[in-house]
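File shown: model05.txt (compact mmCIF, C-alpha atoms).
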# COMPACT_ATOMS: atom_id res chain seq x y z
CA ALA A 1 102.90 94.93 116.40
CA GLN A 2 104.80 98.15 116.13
CA LYS A 3 105.05 100.38 113.13
CA VAL A 4 106.76 103.66 112.30
CA THR A 5 105.62 105.65 109.28
CA GLN A 6 107.63 108.41 107.73
CA ALA A 7 105.36 109.43 104.91
CA GLN A 8 107.76 111.97 103.45
CA THR A 9 110.49 110.22 101.48
CA GLU A 10 112.46 113.17 100.15
CA ILE A 11 112.47 116.83 101.09
CA SER A 12 114.48 119.56 99.45
CA VAL A 13 114.82 123.03 100.94
CA VAL A 14 117.00 126.05 100.47
CA GLU A 15 119.42 126.94 103.21
CA LYS A 16 117.89 128.93 106.10
CA GLU A 17 114.44 127.52 105.54
CA ASP A 18 112.72 125.72 108.39
CA VAL A 19 111.76 122.11 107.73
CA THR A 20 109.65 119.62 109.65
CA LEU A 21 110.11 115.88 109.34
CA ASP A 22 107.03 113.88 110.23
CA CYS A 23 106.89 110.63 112.15
CA VAL A 24 103.77 108.66 113.06
CA TYR A 25 103.94 105.51 115.11
CA GLU A 26 101.73 102.60 116.14
CA THR A 27 102.10 100.53 119.24
CA ARG A 28 99.89 98.74 121.73
CA ASP A 29 102.35 99.25 124.54
CA THR A 30 101.82 101.93 127.16
CA THR A 31 105.54 102.19 127.82
CA TYR A 32 107.72 102.88 124.84
CA TYR A 33 110.53 105.08 123.61
CA LEU A 34 110.85 107.13 120.47
CA PHE A 35 114.08 108.12 118.78
CA TRP A 36 115.46 110.14 115.91
CA TYR A 37 118.66 109.19 114.12
CA LYS A 38 120.62 111.04 111.45
CA GLN A 39 122.54 109.29 108.67
CA PRO A 40 124.75 111.81 106.82
CA PRO A 41 126.30 110.98 103.45
CA SER A 42 129.31 109.49 105.23
CA GLY A 43 127.01 106.65 106.27
CA GLU A 44 127.16 106.42 110.05
CA LEU A 45 123.96 106.49 112.09
CA VAL A 46 123.97 109.19 114.72
CA PHE A 47 121.61 109.17 117.69
CA LEU A 48 119.85 112.53 118.10
CA ILE A 49 117.15 112.19 120.75
CA ARG A 50 115.16 109.79 122.92
CA ARG A 51 111.69 110.41 124.29
CA ASN A 52 109.74 108.12 126.58
CA SER A 53 106.01 107.67 126.39
CA PHE A 54 105.41 109.42 129.71
CA ASP A 55 107.16 112.61 128.75
CA GLU A 56 105.30 114.76 126.25
CA GLN A 57 107.40 117.83 126.83
CA ASN A 58 108.76 119.27 123.65
CA GLU A 59 112.50 119.53 123.42
CA ILE A 60 114.76 122.07 121.82
CA SER A 61 118.43 121.65 121.15
CA GLY A 62 119.93 124.50 119.21
CA ARG A 63 118.29 124.57 115.79
CA TYR A 64 116.59 121.22 116.42
CA SER A 65 113.25 120.77 118.13
CA TRP A 66 110.97 117.82 118.63
CA ASN A 67 107.21 117.74 119.12
CA PHE A 68 105.79 114.61 120.74
CA GLN A 69 102.00 114.27 120.74
CA LYS A 70 100.50 111.04 122.06
CA SER A 71 97.02 112.10 120.96
CA THR A 72 98.09 111.88 117.34
CA SER A 73 100.86 109.28 117.84
CA SER A 74 103.35 111.63 116.29
CA PHE A 75 106.92 112.61 117.05
CA ASN A 76 107.89 115.31 114.59
CA PHE A 77 111.30 116.87 114.15
CA THR A 78 111.85 120.47 113.09
CA ILE A 79 115.11 121.98 111.89
CA THR A 80 115.12 125.75 112.08
CA ALA A 81 117.26 127.78 109.72
CA SER A 82 118.49 124.68 107.91
CA GLN A 83 122.10 124.40 106.80
CA VAL A 84 123.80 122.35 104.10
CA VAL A 85 125.32 120.16 106.82
CA ASP A 86 121.80 119.07 107.77
CA SER A 87 121.58 117.15 104.50
CA ALA A 88 121.13 113.53 105.53
CA VAL A 89 118.66 110.72 105.88
CA TYR A 90 116.67 110.99 109.08
CA PHE A 91 115.14 107.96 110.73
CA CYS A 92 112.45 107.86 113.36
CA ALA A 93 112.39 104.73 115.52
CA LEU A 94 110.29 103.14 118.23
CA THR A 95 111.09 100.57 120.85
CA GLN A 96 108.82 98.62 123.12
CA VAL A 97 110.17 97.76 126.52
CA SER A 98 109.66 94.18 127.53
CA GLY A 99 111.53 93.36 130.68
CA ALA A 100 115.11 94.34 130.05
CA ASN A 101 114.95 93.58 126.35
CA SER A 102 114.03 95.81 123.48
CA LYS A 103 114.55 96.27 119.80
CA LEU A 104 114.06 99.25 117.53
CA THR A 105 111.50 99.50 114.78
CA PHE A 106 112.73 102.02 112.24
CA GLY A 107 110.80 104.05 109.74
CA LYS A 108 112.02 104.05 106.15
CA GLY A 109 113.77 107.37 106.55
CA ILE A 110 113.43 110.84 105.04
CA THR A 111 116.13 112.14 102.73
CA LEU A 112 116.65 115.82 103.42
CA SER A 113 118.59 117.90 100.93
CA VAL A 114 119.51 121.43 101.89
CA ARG A 115 120.65 123.51 98.93
CA PRO A 116 122.91 126.52 99.37
CA ASP B 1 135.05 106.94 125.50
CA ALA B 2 135.42 104.99 122.29
CA GLY B 3 132.26 104.31 120.35
CA VAL B 4 131.23 101.05 118.75
CA ILE B 5 134.12 99.70 116.70
CA GLN B 6 133.58 97.63 113.59
CA SER B 7 136.07 95.91 111.33
CA PRO B 8 136.73 95.73 108.53
CA ARG B 9 135.23 98.95 107.18
CA HIS B 10 135.14 97.56 103.67
CA GLU B 11 135.18 93.97 102.47
CA VAL B 12 135.18 92.74 98.91
CA THR B 13 134.97 89.01 98.43
CA GLU B 14 133.99 86.44 95.86
CA MET B 15 130.84 84.42 95.99
CA GLY B 16 131.26 81.30 98.08
CA GLN B 17 133.89 82.73 100.40
CA GLU B 18 133.45 83.03 104.14
CA VAL B 19 133.09 86.53 105.54
CA THR B 20 133.53 87.51 109.18
CA LEU B 21 132.47 90.91 110.46
CA ARG B 22 133.60 92.07 113.87
CA CYS B 23 132.17 94.42 116.45
CA LYS B 24 133.35 95.79 119.77
CA LEU B 25 130.66 97.23 122.04
CA ILE B 26 130.87 100.44 123.98
CA SER B 27 132.38 99.63 127.37
CA GLY B 28 129.66 98.88 129.92
CA HIS B 29 126.89 98.29 127.40
CA ASN B 30 124.99 95.04 127.73
CA SER B 31 123.09 94.70 124.46
CA LEU B 32 124.31 94.26 120.93
CA PHE B 33 122.44 94.49 117.66
CA TRP B 34 123.43 93.54 114.12
CA TYR B 35 121.67 95.33 111.27
CA ARG B 36 121.87 95.20 107.50
CA GLN B 37 121.09 98.19 105.30
CA THR B 38 120.32 98.08 101.59
CA MET B 39 118.57 100.49 99.28
CA MET B 40 115.81 97.99 98.61
CA ARG B 41 115.06 96.84 102.15
CA GLY B 42 116.28 99.71 104.31
CA LEU B 43 117.52 98.91 107.81
CA GLU B 44 116.87 95.35 108.91
CA LEU B 45 117.58 93.94 112.34
CA LEU B 46 119.35 90.63 111.96
CA ILE B 47 119.91 89.57 115.55
CA TYR B 48 120.28 91.01 118.99
CA PHE B 49 121.96 89.87 122.17
CA ASN B 50 121.38 90.89 125.75
CA ASN B 51 124.05 89.98 128.28
CA ASN B 52 125.70 87.71 125.69
CA VAL B 53 122.50 85.74 125.11
CA PRO B 54 120.80 85.82 121.69
CA ILE B 55 117.32 87.23 122.29
CA ASP B 56 115.90 87.51 118.80
CA ASP B 57 117.45 86.06 115.67
CA SER B 58 114.30 86.12 113.58
CA GLY B 59 115.91 88.56 111.17
CA MET B 60 118.80 86.29 110.26
CA PRO B 61 118.17 85.55 106.59
CA GLU B 62 119.15 81.91 106.52
CA ASP B 63 121.54 79.33 107.86
CA ARG B 64 124.42 80.89 106.01
CA PHE B 65 124.40 83.65 108.63
CA SER B 66 125.58 83.12 112.18
CA ALA B 67 126.44 85.46 115.03
CA LYS B 68 128.27 84.96 118.27
CA MET B 69 129.21 86.88 121.39
CA PRO B 70 132.21 85.07 122.84
CA ASN B 71 132.45 87.68 125.59
CA ALA B 72 130.60 90.71 126.88
CA SER B 73 132.38 93.20 124.66
CA PHE B 74 132.83 91.48 121.32
CA SER B 75 130.70 89.94 118.61
CA THR B 76 131.15 88.39 115.19
CA LEU B 77 128.75 88.00 112.30
CA LYS B 78 129.73 85.28 109.87
CA ILE B 79 128.41 84.57 106.40
CA GLN B 80 129.35 81.23 104.92
CA PRO B 81 129.12 80.86 101.97
CA SER B 82 128.62 84.44 100.85
CA GLU B 83 126.39 85.33 97.91
CA PRO B 84 126.09 88.51 95.81
CA ARG B 85 122.72 89.29 97.42
CA ASP B 86 124.50 89.63 100.76
CA SER B 87 126.11 92.83 99.52
CA ALA B 88 125.05 95.56 101.94
CA VAL B 89 126.26 97.75 104.76
CA TYR B 90 126.28 95.86 108.03
CA PHE B 91 125.96 97.88 111.20
CA CYS B 92 126.58 96.86 114.74
CA ALA B 93 124.98 98.82 117.57
CA SER B 94 125.15 98.62 121.33
CA SER B 95 122.98 99.89 124.13
CA LEU B 96 122.66 99.85 127.88
CA GLU B 97 119.32 98.30 128.67
CA GLY B 98 117.55 98.06 131.98
CA THR B 99 118.38 101.62 133.00
CA GLY B 100 115.68 103.50 131.10
CA GLU B 101 117.97 104.54 128.28
CA TYR B 102 117.54 102.12 125.36
CA GLU B 103 119.08 104.27 122.66
CA GLN B 104 121.40 102.33 120.42
CA TYR B 105 124.78 103.64 119.40
CA PHE B 106 125.90 102.51 115.99
CA GLY B 107 129.29 101.65 114.65
CA PRO B 108 130.54 103.07 111.35
CA GLY B 109 129.41 99.98 109.45
CA THR B 110 131.09 97.45 107.22
CA ARG B 111 130.40 97.79 103.51
CA LEU B 112 130.35 94.26 102.10
CA THR B 113 130.55 93.60 98.39
CA VAL B 114 130.22 90.02 97.17
CA THR B 115 131.10 89.54 93.51
In structure tokens, how does this file's structure come out?
Amino acid sequence: AQKVTQAQTEISVVEKEDVTLDCVYETRDTTYYLFWYKQPPSGELVFLIRRNSFDEQNEISGRYSWNFQKSTSSFNFTITASQVVDSAVYFCALTQVSGANSKLTFGKGITLSVRP
Amino acid sequence: DAGVIQSPRHEVTEMGQEVTLRCKLISGHNSLFWYRQTMMRGLELLIYFNNNVPIDDSGMPEDRFSAKMPNASFSTLKIQPSEPRDSAVYFCASSLEGTGEYEQYFGPGTRLTVT
């Protein structure tokens, strides 16, 4: 069985602070993919990043960076110099790959509020 | 390219009425997922299709819910009869599986209110 735990439920920071969103996962599969999604107040779910289980390289995209560590089964997301527009619910997700079929297991999400 | 398209965006109906939600996949994608999101239960996968075939419908709440993919680019989710507890945001997502990608792209959602 797969599980994604986002222990933080709500985080509030002041603009320009750095913030890290934690994600811990459980899976018995050796091949899997991890994702982060953003859900702003407007409600849509926006795909941010995919990582496969064989690629532990950290990734940086502008103010966003992701740290994948298989040893601790974690896939954490850091926003540097946060902005008000970063306020959203952030979901971490995991998919097993079984043949050509897969489905996502989502964490419960972290509500990030960035205050001006 | 157009993203996943869902209609209607908002639906208000009375208990007992039939509701049909519609979804158009991203062109070229081969998998479709229906989700429901509520404050209490978060995001729940209802059903997913791969190449028009239902693969997992274990999340469909009960027989009142049904989903179809009449062709490779379109799907419907029907609730008949609707109940107030069905009120939620329903998302459709599509993905291209079998190529090492697997990320799902979500539509804007349909906010359903059953009174």
| message | So, with all atoms listed in the file as the atoms that count, which of A:Asp55, A:Tyr33, A:Phe75, A:Asn67 lies closest to chain B? | response | A:Tyr33
| query | What separation in Å, quoted to one decimal, exists between atom CA of Thr20 of chain A and atom CA of Leu48 of chain A? | reply |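 Atom CA of Leu48 of chain A lies 15.0 Å from atom CA of Thr20 of chain A.
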| Counting only C-alpha atoms, which residues from chain A have an atom at most 10 Å from any atom of chain B, and could you show them as a count of residues only? | 35
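Pairwise distance (atom CA of Ala88 of chain B, atom CA of Phe77 of chain A) equals 28.1 Å.
Separating atom CA of Ser7 of chain B from atom CA of Thr113 of chain B is a distance of 14.3 Å.
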For segment 84-102 of chain B, what centre and edge lengths in Å (one decimal) does the axis-aligned box get once 3 Å is added on each side of all its listed atoms, as lines of an AutoDock Vina configuration file?
center_x = 121.1
center_y = 96.5
center_z = 114.4
size_x = 16.9
size_y = 22.0
size_z = 43.2
| field | Residue among B:Asn71, B:Tyr90, B:Arg9, B:Arg22 lying closest to Tyr35 of chain B, counting all atoms listed in the file | value | B:Tyr90
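The protein and nucleic acid residues lying at most 12 Å from Asp18 of chain A are Ile11, Ser12, Val13, Val14, Arg63, Tyr64, Ser65, Phe77, Thr78, Ile79, Thr80, Ala81, Ser82, Gln83, Asp86, Leu112 and Val114 of chain A, with only C-alpha atoms considered and sequence neighbours fewer than 4 positions away removed.
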| request: Please tell me which residues are no farther than 8 Å from (129.1, 83.3, 125.5) in the file, counting all atoms listed in the file, and write them as a list in words. | output: Asn52, Val53, Lys68, Met69, Pro70, Asn71 and Ala72 of chain B
| Given the choices A:Thr27, A:Ser74, A:Phe68, A:Gln39, which gets closest to Ala1 of chain A if the distance is worked out from only C-alpha atoms? |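 Closest candidate: A:Thr27.
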| Contacts of Ser71 of chain A at 12 Å (all atoms listed in the file; same-chain gap of 6+ positions) as number ranges by chain | A: 24-26, 53, 56
Provide segment 56-71 of chain B rebuilt to N, CA and C atoms, formatted as a PDB file, in the frame of the given file.
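The new file selection-v2.pdb reads:
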ATOM      1  N   ASP B  56     116.763  87.566 119.966  1.00  0.00           N
ATOM      2  CA  ASP B  56     115.900  87.510 118.800  1.00  0.00           C
ATOM      3  C   ASP B  56     116.767  87.380 117.556  1.00  0.00           C
ATOM      4  N   ASP B  57     116.694  86.253 116.917  1.00  0.00           N
ATOM      5  CA  ASP B  57     117.450  86.060 115.670  1.00  0.00           C
ATOM      6  C   ASP B  57     116.502  85.864 114.489  1.00  0.00           C
ATOM      7  N   SER B  58     115.288  86.327 114.637  1.00  0.00           N
ATOM      8  CA  SER B  58     114.300  86.120 113.580  1.00  0.00           C
ATOM      9  C   SER B  58     114.644  86.847 112.288  1.00  0.00           C
ATOM     10  N   GLY B  59     115.527  87.825 112.366  1.00  0.00           N
ATOM     11  CA  GLY B  59     115.910  88.560 111.170  1.00  0.00           C
ATOM     12  C   GLY B  59     117.072  87.952 110.413  1.00  0.00           C
ATOM     13  N   MET B  60     117.682  86.932 110.958  1.00  0.00           N
ATOM     14  CA  MET B  60     118.800  86.290 110.260  1.00  0.00           C
ATOM     15  C   MET B  60     118.241  85.621 109.005  1.00  0.00           C
ATOM     16  N   PRO B  61     118.787  85.987 107.847  1.00  0.00           N
ATOM     17  CA  PRO B  61     118.170  85.550 106.590  1.00  0.00           C
ATOM     18  C   PRO B  61     118.084  84.038 106.417  1.00  0.00           C
ATOM     19  N   GLU B  62     119.128  83.351 106.738  1.00  0.00           N
ATOM     20  CA  GLU B  62     119.150  81.910 106.520  1.00  0.00           C
ATOM     21  C   GLU B  62     120.352  81.331 107.245  1.00  0.00           C
ATOM     22  N   ASP B  63     120.487  80.019 107.100  1.00  0.00           N
ATOM     23  CA  ASP B  63     121.540  79.330 107.860  1.00  0.00           C
ATOM     24  C   ASP B  63     122.948  79.767 107.481  1.00  0.00           C
ATOM     25  N   ARG B  64     123.089  80.447 106.408  1.00  0.00           N
ATOM     26  CA  ARG B  64     124.420  80.890 106.010  1.00  0.00           C
ATOM     27  C   ARG B  64     124.943  81.975 106.956  1.00  0.00           C
ATOM     28  N   PHE B  65     124.027  82.585 107.706  1.00  0.00           N
ATOM     29  CA  PHE B  65     124.400  83.650 108.630  1.00  0.00           C
ATOM     30  C   PHE B  65     124.448  83.095 110.053  1.00  0.00           C
ATOM     31  N   SER B  66     125.500  83.486 110.772  1.00  0.00           N
ATOM     32  CA  SER B  66     125.580  83.120 112.180  1.00  0.00           C
ATOM     33  C   SER B  66     126.246  84.250 112.942  1.00  0.00           C
ATOM     34  N   ALA B  67     125.864  84.409 114.191  1.00  0.00           N
ATOM     35  CA  ALA B  67     126.440  85.460 115.030  1.00  0.00           C
ATOM     36  C   ALA B  67     126.766  84.896 116.393  1.00  0.00           C
ATOM     37  N   LYS B  68     127.847  85.428 116.955  1.00  0.00           N
ATOM     38  CA  LYS B  68     128.270  84.960 118.270  1.00  0.00           C
ATOM     39  C   LYS B  68     128.703  86.142 119.125  1.00  0.00           C
ATOM     40  N   MET B  69     128.626  85.938 120.437  1.00  0.00           N
ATOM     41  CA  MET B  69     129.210  86.880 121.390  1.00  0.00           C
ATOM     42  C   MET B  69     130.087  86.061 122.324  1.00  0.00           C
ATOM     43  N   PRO B  70     131.335  85.889 121.996  1.00  0.00           N
ATOM     44  CA  PRO B  70     132.210  85.070 122.840  1.00  0.00           C
ATOM     45  C   PRO B  70     132.487  85.697 124.192  1.00  0.00           C
ATOM     46  N   ASN B  71     132.319  87.012 124.289  1.00  0.00           N
ATOM     47  CA  ASN B  71     132.450  87.680 125.590  1.00  0.00           C
ATOM     48  C   ASN B  71     131.567  88.924 125.587  1.00  0.00           C
TER      49      ASN B  71
END
